[in-house]
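Listing of coords_14.txt; format and content: compact mmCIF, C-alpha atoms.
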# COMPACT_ATOMS: atom_id res chain seq x y z
CA MET A 1478 -3.57 67.00 57.50
CA SER A 1479 -7.09 67.54 56.21
CA ILE A 1480 -6.27 68.54 52.63
CA ARG A 1481 -7.59 66.08 50.09
CA GLY A 1482 -6.77 65.72 46.41
CA PHE A 1483 -4.85 63.93 43.71
CA VAL A 1484 -2.59 64.50 40.75
CA GLU A 1485 -4.50 62.75 37.99
CA PHE A 1486 -2.19 63.46 35.08
CA ALA A 1487 1.33 64.80 34.63
CA ASN A 1488 3.74 65.07 31.73
CA PRO A 1489 6.51 67.55 30.80
CA GLU A 1490 3.86 70.00 29.57
CA VAL A 1491 0.97 69.98 32.02
CA VAL A 1492 -0.24 68.78 35.43
CA ARG A 1493 -3.91 68.17 36.20
CA GLY A 1494 -5.80 67.20 39.35
CA TRP A 1495 -7.83 68.57 42.24
CA ALA A 1496 -7.32 69.79 45.81
CA PHE A 1497 -9.82 70.51 48.58
CA ASP A 1498 -9.75 71.46 52.26
CA PRO A 1499 -12.75 69.93 54.12
CA GLU A 1500 -12.12 72.35 57.02
CA ASP A 1501 -12.57 75.32 54.68
CA PRO A 1502 -14.83 74.05 51.86
CA SER A 1503 -15.15 77.41 50.11
CA ALA A 1504 -11.39 77.98 49.90
CA ARG A 1505 -9.60 77.81 46.55
CA LEU A 1506 -6.24 76.27 47.37
CA ASN A 1507 -3.00 77.39 45.85
CA VAL A 1508 -1.13 74.59 44.13
CA VAL A 1509 2.62 74.37 43.49
CA ALA A 1510 4.26 72.06 40.96
CA ARG A 1511 7.95 71.46 41.61
CA ILE A 1512 10.36 69.90 39.14
CA GLY A 1513 13.72 69.17 40.60
CA ALA A 1514 15.38 71.91 42.66
CA ASP A 1515 15.11 74.79 40.21
CA VAL A 1516 11.63 74.81 38.61
CA GLU A 1517 8.51 75.80 40.53
CA VAL A 1518 5.14 76.69 38.96
CA THR A 1519 2.05 77.81 40.84
CA GLY A 1520 -1.66 77.59 40.11
CA CYS A 1521 -5.03 77.57 41.83
CA ALA A 1522 -7.45 74.70 42.44
CA SER A 1523 -10.58 76.61 41.39
CA ALA A 1524 -11.77 74.99 38.15
CA PRO A 1525 -15.39 73.72 38.28
CA ARG A 1526 -15.77 69.96 37.77
CA SER A 1527 -19.06 68.11 37.63
CA ASP A 1528 -17.56 64.86 38.94
CA LEU A 1529 -16.31 66.59 42.08
CA LEU A 1530 -19.67 68.25 42.62
CA ALA A 1531 -21.49 64.93 42.18
CA ALA A 1532 -19.15 63.33 44.71
CA GLY A 1533 -19.81 66.01 47.32
CA ILE A 1534 -16.39 67.67 47.08
CA GLY A 1535 -17.48 71.16 48.12
CA ASP A 1536 -19.14 73.04 45.29
CA GLY A 1537 -17.09 71.11 42.74
CA ALA A 1538 -14.84 74.06 41.85
CA HIS A 1539 -11.58 72.54 43.08
CA GLY A 1540 -9.87 71.31 39.93
CA PHE A 1541 -6.55 72.60 38.63
CA VAL A 1542 -4.54 72.57 35.43
CA ILE A 1543 -0.95 73.86 35.58
CA ASP A 1544 1.01 74.46 32.41
CA LEU A 1545 4.70 73.65 32.86
CA PRO A 1546 7.48 75.75 31.28
CA SER A 1547 8.59 74.55 27.89
CA ARG A 1548 12.30 75.05 28.55
CA GLY A 1549 14.40 72.93 30.80
CA VAL A 1550 11.90 70.21 31.65
CA SER A 1551 11.18 68.40 28.38
CA ASP A 1552 13.60 65.63 29.21
CA ILE A 1553 12.35 65.19 32.77
CA ALA A 1554 10.02 62.25 33.40
CA SER A 1555 6.56 63.16 34.59
CA GLU A 1556 7.10 61.02 37.70
CA THR A 1557 9.60 63.61 38.98
CA VAL A 1558 6.94 66.33 39.14
CA GLU A 1559 5.85 66.94 42.74
CA VAL A 1560 2.62 68.81 43.41
CA TYR A 1561 1.69 70.46 46.71
CA ALA A 1562 -1.55 72.08 47.86
CA LEU A 1563 -1.37 75.00 50.30
CA SER A 1564 -4.02 76.02 52.82
CA ASP A 1565 -3.68 78.46 55.71
CA GLY A 1566 0.05 77.95 56.01
CA ARG A 1567 -0.18 74.19 55.64
CA SER A 1568 1.36 72.25 52.76
CA CYS A 1569 0.37 68.78 51.56
CA ARG A 1570 1.92 66.79 48.77
CA LEU A 1571 -0.82 65.43 46.54
CA PRO A 1572 -0.53 61.72 45.71
CA ARG A 1573 -0.43 60.63 42.10
CA ILE A 1574 -3.02 58.32 40.58
CA SER A 1575 -3.07 56.89 37.07
CA SER A 1576 -5.85 58.16 34.86
CA ALA A 1577 -7.99 55.99 32.65
CA SER A 1578 -6.24 57.34 29.57
CA GLU A 1579 -2.87 56.20 30.87
CA LEU A 1580 -3.86 52.75 32.08
CA GLY A 1581 -6.41 50.37 30.72
CA PRO A 1582 -5.94 49.68 27.00
CA GLU A 1583 -3.23 47.12 27.70
CA ILE A 1584 -4.85 45.50 30.71
CA VAL A 1585 -5.86 42.24 29.10
CA SER A 1586 -6.64 38.68 30.06
CA GLU A 1587 -4.21 36.50 28.17
CA SER A 1588 -3.88 38.74 25.14
CA PHE A 1589 -3.14 35.81 22.83
CA TYR A 1590 -6.87 35.15 22.92
CA PRO A 1591 -8.37 37.64 20.48
CA VAL A 1592 -11.49 39.73 21.01
CA SER A 1593 -12.83 38.29 17.75
CA ASP A 1594 -12.03 35.02 16.03
CA LEU A 1595 -12.00 34.37 12.29
CA SER A 1596 -11.12 30.71 12.80
CA GLN A 1597 -14.55 29.76 14.13
CA TYR A 1598 -17.63 29.16 11.96
CA PRO A 1599 -20.58 28.98 14.33
CA VAL A 1600 -24.21 28.74 13.28
CA PHE A 1601 -26.72 30.39 15.59
CA ILE A 1602 -30.26 29.06 15.31
CA LEU A 1603 -32.64 31.71 16.54
CA GLY A 1604 -36.38 32.16 16.85
CA ALA A 1605 -39.26 31.85 19.27
CA ALA A 1606 -39.85 28.53 20.97
CA ARG A 1607 -41.98 26.12 18.89
CA SER A 1608 -40.86 27.66 15.59
CA GLY A 1609 -38.76 24.81 14.26
CA THR A 1610 -35.48 25.58 15.98
CA SER A 1611 -35.13 22.00 17.23
CA ALA A 1612 -35.75 20.54 13.78
CA MET A 1613 -33.10 22.79 12.25
CA THR A 1614 -30.61 22.08 15.03
CA LEU A 1615 -30.96 18.31 14.90
CA GLY A 1616 -30.90 18.39 11.11
CA LEU A 1617 -27.59 20.23 11.06
CA LEU A 1618 -26.11 18.01 13.77
CA SER A 1619 -27.03 14.99 11.68
CA THR A 1620 -24.70 16.18 8.90
CA GLY A 1621 -21.70 15.42 11.10
CA GLY A 1622 -20.15 18.76 10.20
CA TYR A 1623 -20.99 20.62 13.40
CA GLU A 1624 -20.40 20.23 17.10
CA GLY A 1625 -23.08 21.30 19.55
CA SER A 1626 -25.99 20.31 21.71
CA GLY A 1627 -29.72 20.11 21.18
CA GLU A 1628 -30.09 23.15 23.46
CA GLY A 1629 -27.72 26.02 24.18
CA HIS A 1630 -28.79 28.65 26.76
CA LEU A 1631 -25.16 29.39 27.70
CA LEU A 1632 -23.91 32.18 25.45
CA PRO A 1633 -26.50 34.87 26.28
CA ILE A 1634 -24.54 35.23 29.52
CA ALA A 1635 -21.91 37.17 27.57
CA ASP A 1636 -24.33 39.87 26.49
CA ALA A 1637 -25.80 40.00 29.99
CA LEU A 1638 -22.32 40.48 31.49
CA LEU A 1639 -21.50 43.32 29.10
CA GLY A 1640 -24.76 44.99 30.02
CA ALA A 1641 -24.02 44.58 33.73
CA VAL A 1642 -20.59 46.18 33.30
CA GLN A 1643 -22.08 49.16 31.48
CA ARG A 1644 -24.77 49.64 34.11
CA TYR A 1645 -22.20 49.47 36.90
CA TYR A 1646 -19.96 52.09 35.33
CA ASP A 1647 -22.94 54.33 34.53
CA GLY A 1648 -24.06 54.09 38.14
CA HIS A 1649 -20.65 54.89 39.61
CA ARG A 1650 -19.44 57.78 37.48
CA ALA A 1651 -19.37 60.09 40.49
CA LEU A 1652 -16.79 57.86 42.19
CA ALA A 1653 -14.45 57.59 39.22
CA PHE A 1654 -12.20 60.59 39.91
CA ASP A 1655 -10.02 59.11 42.67
CA THR A 1656 -10.69 55.39 42.71
CA SER A 1657 -9.30 52.24 41.18
CA LEU A 1658 -12.40 52.28 39.01
CA ARG A 1659 -10.91 55.19 37.07
CA ARG A 1660 -7.80 53.16 36.31
CA VAL A 1661 -9.81 50.40 34.64
CA PRO A 1662 -12.18 51.77 32.01
CA SER A 1663 -15.25 49.82 31.01
CA ASP A 1664 -13.64 48.90 27.69
CA THR A 1665 -11.13 46.80 29.60
CA PHE A 1666 -13.88 44.68 31.10
CA TYR A 1667 -15.46 44.36 27.67
CA ARG A 1668 -12.22 42.88 26.37
CA PHE A 1669 -12.03 40.47 29.29
CA ILE A 1670 -15.52 39.20 28.53
CA ARG A 1671 -15.00 38.99 24.77
CA ARG A 1672 -11.70 37.16 25.15
CA GLY A 1673 -13.35 34.86 27.64
CA VAL A 1674 -16.11 33.93 25.20
CA VAL A 1675 -13.60 33.27 22.41
CA HIS A 1676 -11.50 31.11 24.73
CA LEU A 1677 -14.58 29.27 25.97
CA THR A 1678 -15.87 28.39 22.51
CA GLN A 1679 -12.42 27.36 21.36
CA SER A 1680 -12.28 24.96 24.28
CA LEU A 1681 -15.84 23.65 23.85
CA PHE A 1682 -15.63 23.26 20.08
CA PRO A 1683 -12.05 22.52 19.00
CA THR A 1684 -13.02 22.02 15.33
CA GLY A 1685 -14.24 25.62 15.04
CA LYS A 1686 -17.50 24.47 13.43
CA TRP A 1687 -20.32 24.46 15.94
CA LEU A 1688 -23.89 25.51 16.41
CA ASP A 1689 -25.99 27.03 19.15
CA LYS A 1690 -29.76 26.82 19.55
CA THR A 1691 -31.15 29.16 22.17
CA PRO A 1692 -34.75 30.10 21.26
CA THR A 1693 -35.08 33.18 23.46
CA VAL A 1694 -35.38 36.92 22.92
CA GLU A 1695 -32.11 37.40 24.84
CA MET A 1696 -30.24 35.40 22.22
CA VAL A 1697 -31.82 37.39 19.40
CA ARG A 1698 -30.66 40.60 21.06
CA ALA A 1699 -27.16 39.17 21.53
CA ALA A 1700 -26.77 38.19 17.87
CA PRO A 1701 -24.91 41.39 16.83
CA LEU A 1702 -22.39 40.79 19.60
CA PHE A 1703 -21.71 37.27 18.33
CA LEU A 1704 -21.23 38.56 14.80
CA GLU A 1705 -18.56 40.88 16.21
CA LEU A 1706 -16.93 38.00 18.10
CA PHE A 1707 -17.19 35.57 15.19
CA PRO A 1708 -17.22 37.51 11.88
CA LYS A 1709 -17.77 34.26 9.94
CA ALA A 1710 -20.82 33.29 11.98
CA ARG A 1711 -24.15 32.55 10.30
CA PHE A 1712 -27.60 33.03 11.78
CA ILE A 1713 -30.71 31.03 10.88
CA PHE A 1714 -33.94 32.55 12.14
CA MET A 1715 -36.90 30.20 12.35
CA LYS A 1716 -40.23 32.01 12.15
CA ARG A 1717 -43.82 30.89 12.56
CA ARG A 1718 -47.16 32.67 12.65
CA VAL A 1719 -48.45 33.51 16.13
CA ILE A 1720 -51.61 31.37 15.80
CA GLU A 1721 -49.82 28.10 15.07
CA ASN A 1722 -47.04 29.06 17.48
CA VAL A 1723 -49.48 29.55 20.37
CA LEU A 1724 -51.37 26.34 19.57
CA SER A 1725 -48.10 24.40 19.62
CA ARG A 1726 -47.01 26.07 22.87
CA ARG A 1727 -50.32 25.16 24.49
CA ARG A 1728 -49.78 21.52 23.66
CA LYS A 1729 -46.14 21.57 24.75
CA PHE A 1730 -46.46 23.89 27.77
CA PRO A 1731 -50.07 23.58 28.98
CA LEU A 1732 -49.47 25.27 32.34
CA GLU A 1733 -48.61 28.66 30.80
CA ASN A 1734 -51.38 31.05 29.81
CA THR A 1735 -52.04 32.24 26.28
CA GLU A 1736 -50.89 35.79 26.94
CA ALA A 1737 -47.48 34.53 28.06
CA HIS A 1738 -47.24 32.45 24.90
CA TYR A 1739 -47.93 35.24 22.45
CA SER A 1740 -46.01 37.85 24.47
CA ASP A 1741 -42.83 35.83 24.05
CA TRP A 1742 -43.56 35.46 20.33
CA VAL A 1743 -43.99 39.24 20.06
CA ALA A 1744 -40.72 39.96 21.87
CA VAL A 1745 -38.68 37.62 19.66
CA MET A 1746 -40.25 38.68 16.36
CA LYS A 1747 -40.09 42.39 17.18
CA ASP A 1748 -36.42 42.34 18.13
CA TRP A 1749 -35.58 40.23 15.11
CA LEU A 1750 -36.82 42.99 12.80
CA THR A 1751 -34.08 45.23 14.19
CA VAL A 1752 -31.37 42.60 14.46
CA ARG A 1753 -31.70 41.25 10.93
CA GLU A 1754 -30.80 44.68 9.54
CA ILE A 1755 -27.53 44.52 11.47
CA LEU A 1756 -26.72 40.94 10.50
CA GLY A 1757 -27.38 41.50 6.80
CA ALA A 1758 -26.11 38.71 4.56
CA SER A 1759 -25.03 36.69 7.60
CA ALA A 1760 -28.68 35.82 8.34
CA LEU A 1761 -31.25 33.56 6.72
CA GLU A 1762 -34.96 33.36 7.56
CA ILE A 1763 -36.77 30.04 7.32
CA GLU A 1764 -40.54 29.74 7.60
CA HIS A 1765 -41.67 26.86 9.82
CA ARG A 1766 -44.47 25.88 7.47
CA THR A 1767 -42.03 25.69 4.54
CA LEU A 1768 -39.84 23.39 6.63
CA ALA A 1769 -42.87 21.21 7.41
CA LEU A 1770 -44.15 20.93 3.85
CA TYR A 1771 -40.99 21.27 1.74
CA PRO A 1772 -37.97 20.04 3.73
CA SER A 1773 -35.93 19.47 0.57
CA LEU A 1774 -36.38 23.12 -0.42
CA VAL A 1775 -35.21 24.23 3.01
CA SER A 1776 -32.22 21.86 3.02
CA ALA A 1777 -31.18 23.31 -0.36
CA GLN A 1778 -31.48 26.88 0.96
CA VAL A 1779 -29.56 26.14 4.13
CA GLY A 1780 -26.97 24.06 2.30
CA GLU A 1781 -26.20 26.92 -0.05
CA PHE A 1782 -26.23 29.47 2.77
CA LEU A 1783 -23.73 27.48 4.85
CA GLY A 1784 -21.69 26.11 1.96
CA LEU A 1785 -22.40 22.48 2.83
CA SER A 1786 -21.03 19.66 0.73
CA SER A 1787 -23.42 17.53 -1.33
CA GLU A 1788 -23.11 14.73 1.22
CA GLU A 1789 -23.90 17.11 4.08
CA ARG A 1790 -26.90 18.50 2.19
CA SER A 1791 -28.24 15.00 1.68
CA LYS A 1792 -27.89 14.24 5.39
CA LEU A 1793 -29.53 17.54 6.26
CA ASP A 1794 -32.44 16.75 3.97
CA SER A 1795 -32.93 13.40 5.69
CA GLY A 1796 -32.63 15.00 9.11
CA LEU A 1797 -35.21 17.69 8.39
CA ARG A 1798 -37.74 15.08 7.33
CA LEU A 1799 -37.77 13.60 10.85
CA HIS A 1800 -39.79 16.55 12.24
CA PRO A 1801 -38.66 16.29 15.90
CA GLU A 1802 -41.09 17.33 18.66
CA GLN A 1803 -44.13 17.40 16.40
CA THR A 1804 -47.20 18.31 18.50
CA ASP A 1805 -49.79 18.60 15.72
CA THR A 1806 -51.27 15.53 14.04
CA PHE A 1807 -51.25 17.44 10.77
CA PHE A 1808 -47.75 18.88 10.58
CA GLY A 1809 -47.86 22.14 8.63
CA ALA A 1810 -51.62 22.65 8.98
CA THR A 1811 -52.91 26.22 9.23
CA TYR A 1812 -55.63 27.64 11.47
CA SER A 1813 -57.63 30.83 11.90
CA LEU A 1814 -57.43 33.11 14.91
CA GLY A 1815 -60.73 31.67 16.10
CA SER A 1816 -58.97 28.36 16.69
CA LEU A 1817 -57.43 29.89 19.81
CA ALA A 1818 -60.95 30.19 21.27
CA LEU A 1819 -60.16 33.42 23.07
CA PRO A 1820 -62.78 35.63 24.71
CA ASP A 1821 -63.37 38.84 22.72
CA THR A 1822 -61.39 40.98 25.15
CA ASP A 1823 -58.41 38.60 25.08
CA GLU A 1824 -58.51 38.39 21.30
CA ALA A 1825 -58.49 42.19 21.15
CA LYS A 1826 -55.41 42.26 23.40
CA LEU A 1827 -53.63 39.78 21.16
CA ARG A 1828 -54.43 41.79 18.06
CA ALA A 1829 -53.28 45.01 19.68
CA VAL A 1830 -49.76 43.70 20.21
CA CYS A 1831 -49.53 41.41 17.18
CA ASP A 1832 -51.12 43.40 14.34
CA GLN A 1833 -48.02 45.34 13.29
CA LEU A 1834 -45.80 42.26 13.43
CA MET A 1835 -48.30 40.16 11.51
CA PHE A 1836 -48.29 42.82 8.81
CA SER A 1837 -44.48 43.14 8.80
CA PHE A 1838 -44.04 39.40 8.26
CA GLY A 1839 -46.88 39.12 5.76
CA TYR A 1840 -49.11 36.98 7.99
CA THR A 1841 -52.90 36.91 8.05
CA TYR A 1842 -55.32 35.93 10.81
CA ASP A 1843 -57.24 33.41 8.71
CA ALA A 1844 -56.36 29.93 7.45
CA SER A 1845 -54.58 31.38 4.39
CA TYR A 1846 -51.60 31.92 6.72
CA SER A 1847 -49.89 34.65 4.67
CA THR A 1848 -50.44 37.17 1.93
CA GLN A 1849 -47.71 35.62 -0.20

Please go through the file and, once you have read it, give me the structure as structure tokens.
Amino acid sequence: MSIRGFVEFANPEVVRGWAFDPEDPSARLNVVARIGADVEVTGCASAPRSDLLAAGIGDGAHGFVIDLPSRGVSDIASETVEVYALSDGRSCRLPRISSASELGPEIVSESFYPVSDLSQYPVFILGAARSGTSAMTLGLLSTGGYEGSGEGHLLPIADALLGAVQRYYDGHRALAFDTSLRRVPSDTFYRFIRRGVVHLTQSLFPTGKWLDKTPTVEMVRAAPLFLELFPKARFIFMKRRVIENVLSRRRKFPLENTEAHYSDWVAVMKDWLTVREILGASALEIEHRTLALYPSLVSAQVGEFLGLSSEERSKLDSGLRLHPEQTDTFFGATYSLGSLALPDTDEAKLRAVCDQLMFSFGYTYDASYSTQ
């Protein structure tokens, strides 16, 4: 039997699906819905559908919707409805598949793990590399109030997985009408991933108070996701002017070229401008130079922001004074753009991509550092 098709939805009121004869692609097949021995309703598989067209099912006009009679069938389960497609004297019962609207919302991975967790109080330390993220991380770890490591680089996987799921579903829409893919909507995978992250962090950090330092643009972009997962999360963004940032990167990573250094700075700072609007009061910005020159001021700001005890604030103040990974003899010194010693063409390229960000953050290109 060459007839192809499926019943995609059926209840006591309506039956929907499609039917197609590959041997006669232009034919519009008659469809019969039978309920028990007494009720029979006919229709025609002629409704245009873009998903069928995209999948190469004739010209796409092979969908059907059959309204069932309101009397006598309301108490009959939809599973008892049998649907047949007719073509040139042949009859084929169409198999039933579950639609995305019928299956999916309750497909969960261990539903006792929530998709967001109010019992965890993470602190995410964000910013471009060489902007003071290590100093802030080690300072907070020294308080004894947080679990965590000096470096993270694990959690951005969650955002990458969600993106991969979305791209997969977007790229396979044409296959979704008669496949298992239709039975599992993308939202189901999102819940799997979100529950997995919650479970993972609960296992890694049993106390519920932990921190993550991942100084990459990917982590900045993922910050809104982590606020959804952990509504009590806090975000500390460490910022530093591009001149001092590049000079520090050169000393720390001498094999990378200057353009790579400032391009990463641009990506992080640019995305932060968008993300901080989403995070709102959950985020705090700390200037690297303020941390270098006035660690007690920063410890007071962070202590209030995170609700630290007086003992924890004292430990944080001591920790911030250690200045880990200092690459400049004069910690907190400022420089002019000329200190980068760039050829005119390279300096022009830097300015072209940095000017708007420098203005947005109130930075200058001379030794004054900022307009504030």

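Every protein, DNA or RNA residue with an atom at most 8 Å from Ala1760 (chain A), where only C-alpha atoms count and chain neighbours fewer than 4 positions away do not, is listed here: A:Arg1711, A:Phe1712, A:Ile1713, A:Phe1714, A:Arg1753, A:Leu1756.
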
Worksheet entry | Spatial neighbours of region 1562-1568 of chain A, max dist 10 Å, all atoms listed in the file, sep filter under 4 positions, as a PyMOL selection string | chain A and resi 1478-1483+1495-1498+1500-1501+1504-1510+1519-1522

Worksheet item: Rounded to one decimal in Å, what is the spacing between CA of Leu1750 (chain A) and CA of Phe1838 (chain A)?
Response: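 These atoms are spaced 9.3 Å apart.
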
Worksheet item: What is the CA of His1738 (chain A)-CA of Pro1701 (chain A) distance in Å, reported with one decimal?
Response: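 If I compute the distance from CA of His1738 (chain A) to CA of Pro1701 (chain A), I get 25.4 Å.
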
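Checking A:Leu1785, A:Ile1720, A:Leu1774, A:Ala1641 one by one against Thr1811 (chain A), counting only C-alpha atoms, you find the shortest gap at A:Ile1720.
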
Discussion item. At a cut-off of 7 Å around the point (-47.1, 35.6, 9.5) (file coordinates), what residues fall inside when counting all atoms listed in the file? I'd like the answer as a ChimeraX atom specification.
Written reply: /A:1717-1718,1835,1838-1841,1846-1847

Item to complete: Identify, on the basis of all atoms listed in the file, every residue whose closest approach to Tyr1623 (chain A) does not exceed 12 Å; exclude the query and any residue fewer than 6 positions from it along the same chain; express the result as a PyMOL selection string.
Response: chain A and resi 1597-1601+1614-1617+1682-1689+1783+1785+1789+1793

Output file for the selection above: C-alpha atoms, as a PDB file, in the coordinates of the input:
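Generated output (out.pdb):
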ATOM      1  CA  GLN A1597     -14.550  29.760  14.130  1.00  0.00           C
ATOM      2  CA  TYR A1598     -17.630  29.160  11.960  1.00  0.00           C
ATOM      3  CA  PRO A1599     -20.580  28.980  14.330  1.00  0.00           C
ATOM      4  CA  VAL A1600     -24.210  28.740  13.280  1.00  0.00           C
ATOM      5  CA  PHE A1601     -26.720  30.390  15.590  1.00  0.00           C
ATOM      6  CA  THR A1614     -30.610  22.080  15.030  1.00  0.00           C
ATOM      7  CA  LEU A1615     -30.960  18.310  14.900  1.00  0.00           C
ATOM      8  CA  GLY A1616     -30.900  18.390  11.110  1.00  0.00           C
ATOM      9  CA  LEU A1617     -27.590  20.230  11.060  1.00  0.00           C
ATOM     10  CA  PHE A1682     -15.630  23.260  20.080  1.00  0.00           C
ATOM     11  CA  PRO A1683     -12.050  22.520  19.000  1.00  0.00           C
ATOM     12  CA  THR A1684     -13.020  22.020  15.330  1.00  0.00           C
ATOM     13  CA  GLY A1685     -14.240  25.620  15.040  1.00  0.00           C
ATOM     14  CA  LYS A1686     -17.500  24.470  13.430  1.00  0.00           C
ATOM     15  CA  TRP A1687     -20.320  24.460  15.940  1.00  0.00           C
ATOM     16  CA  LEU A1688     -23.890  25.510  16.410  1.00  0.00           C
ATOM     17  CA  ASP A1689     -25.990  27.030  19.150  1.00  0.00           C
ATOM     18  CA  LEU A1783     -23.730  27.480   4.850  1.00  0.00           C
ATOM     19  CA  LEU A1785     -22.400  22.480   2.830  1.00  0.00           C
ATOM     20  CA  GLU A1789     -23.900  17.110   4.080  1.00  0.00           C
ATOM     21  CA  LEU A1793     -29.530  17.540   6.260  1.00  0.00           C
TER      22      LEU A1793
END

Worksheet item: When you draw a straight line from CA of Ser1657 (chain A) to CA of Ile1534 (chain A), how long is it in Å?
Response: 18.0 Å

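With distances restricted to all atoms listed in the file, A:Met1715 is the closest residue to Ala1606 (chain A) from A:Ala1487, A:Val1752, A:Met1715, A:Leu1638.
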
Discussion item. Taking only C-alpha atoms into account, name the residue in A:Gly1621, A:Ala1758, A:Gly1494, A:Glu1736 that is nearest to Thr1822 (chain A).
Written reply: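 Result for the nearest residue to Thr1822 (chain A): A:Glu1736.
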
Worksheet entry | Residue nearest Val1542 (chain A) - candidates A:Ala1844, A:Ala1710, A:Val1661, A:Val1560, atoms counted: all atoms listed in the file |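 Once distances to Val1542 (chain A) are computed over all atoms listed in the file, the minimum belongs to A:Val1560.
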
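With distances taken over all atoms listed in the file, A:Ile1670 is the one residue among A:Val1516, A:Ala1531, A:Ile1670, A:Leu1761 lying closest to Ser1593 (chain A).
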
Worksheet item: Which of these, A:Val1674, A:Val1642, A:Leu1834, A:Ile1755, has the shortest distance to Val1719 (chain A) once you count all atoms listed in the file?
Response: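 Closest residue, counting all atoms listed in the file: A:Leu1834.
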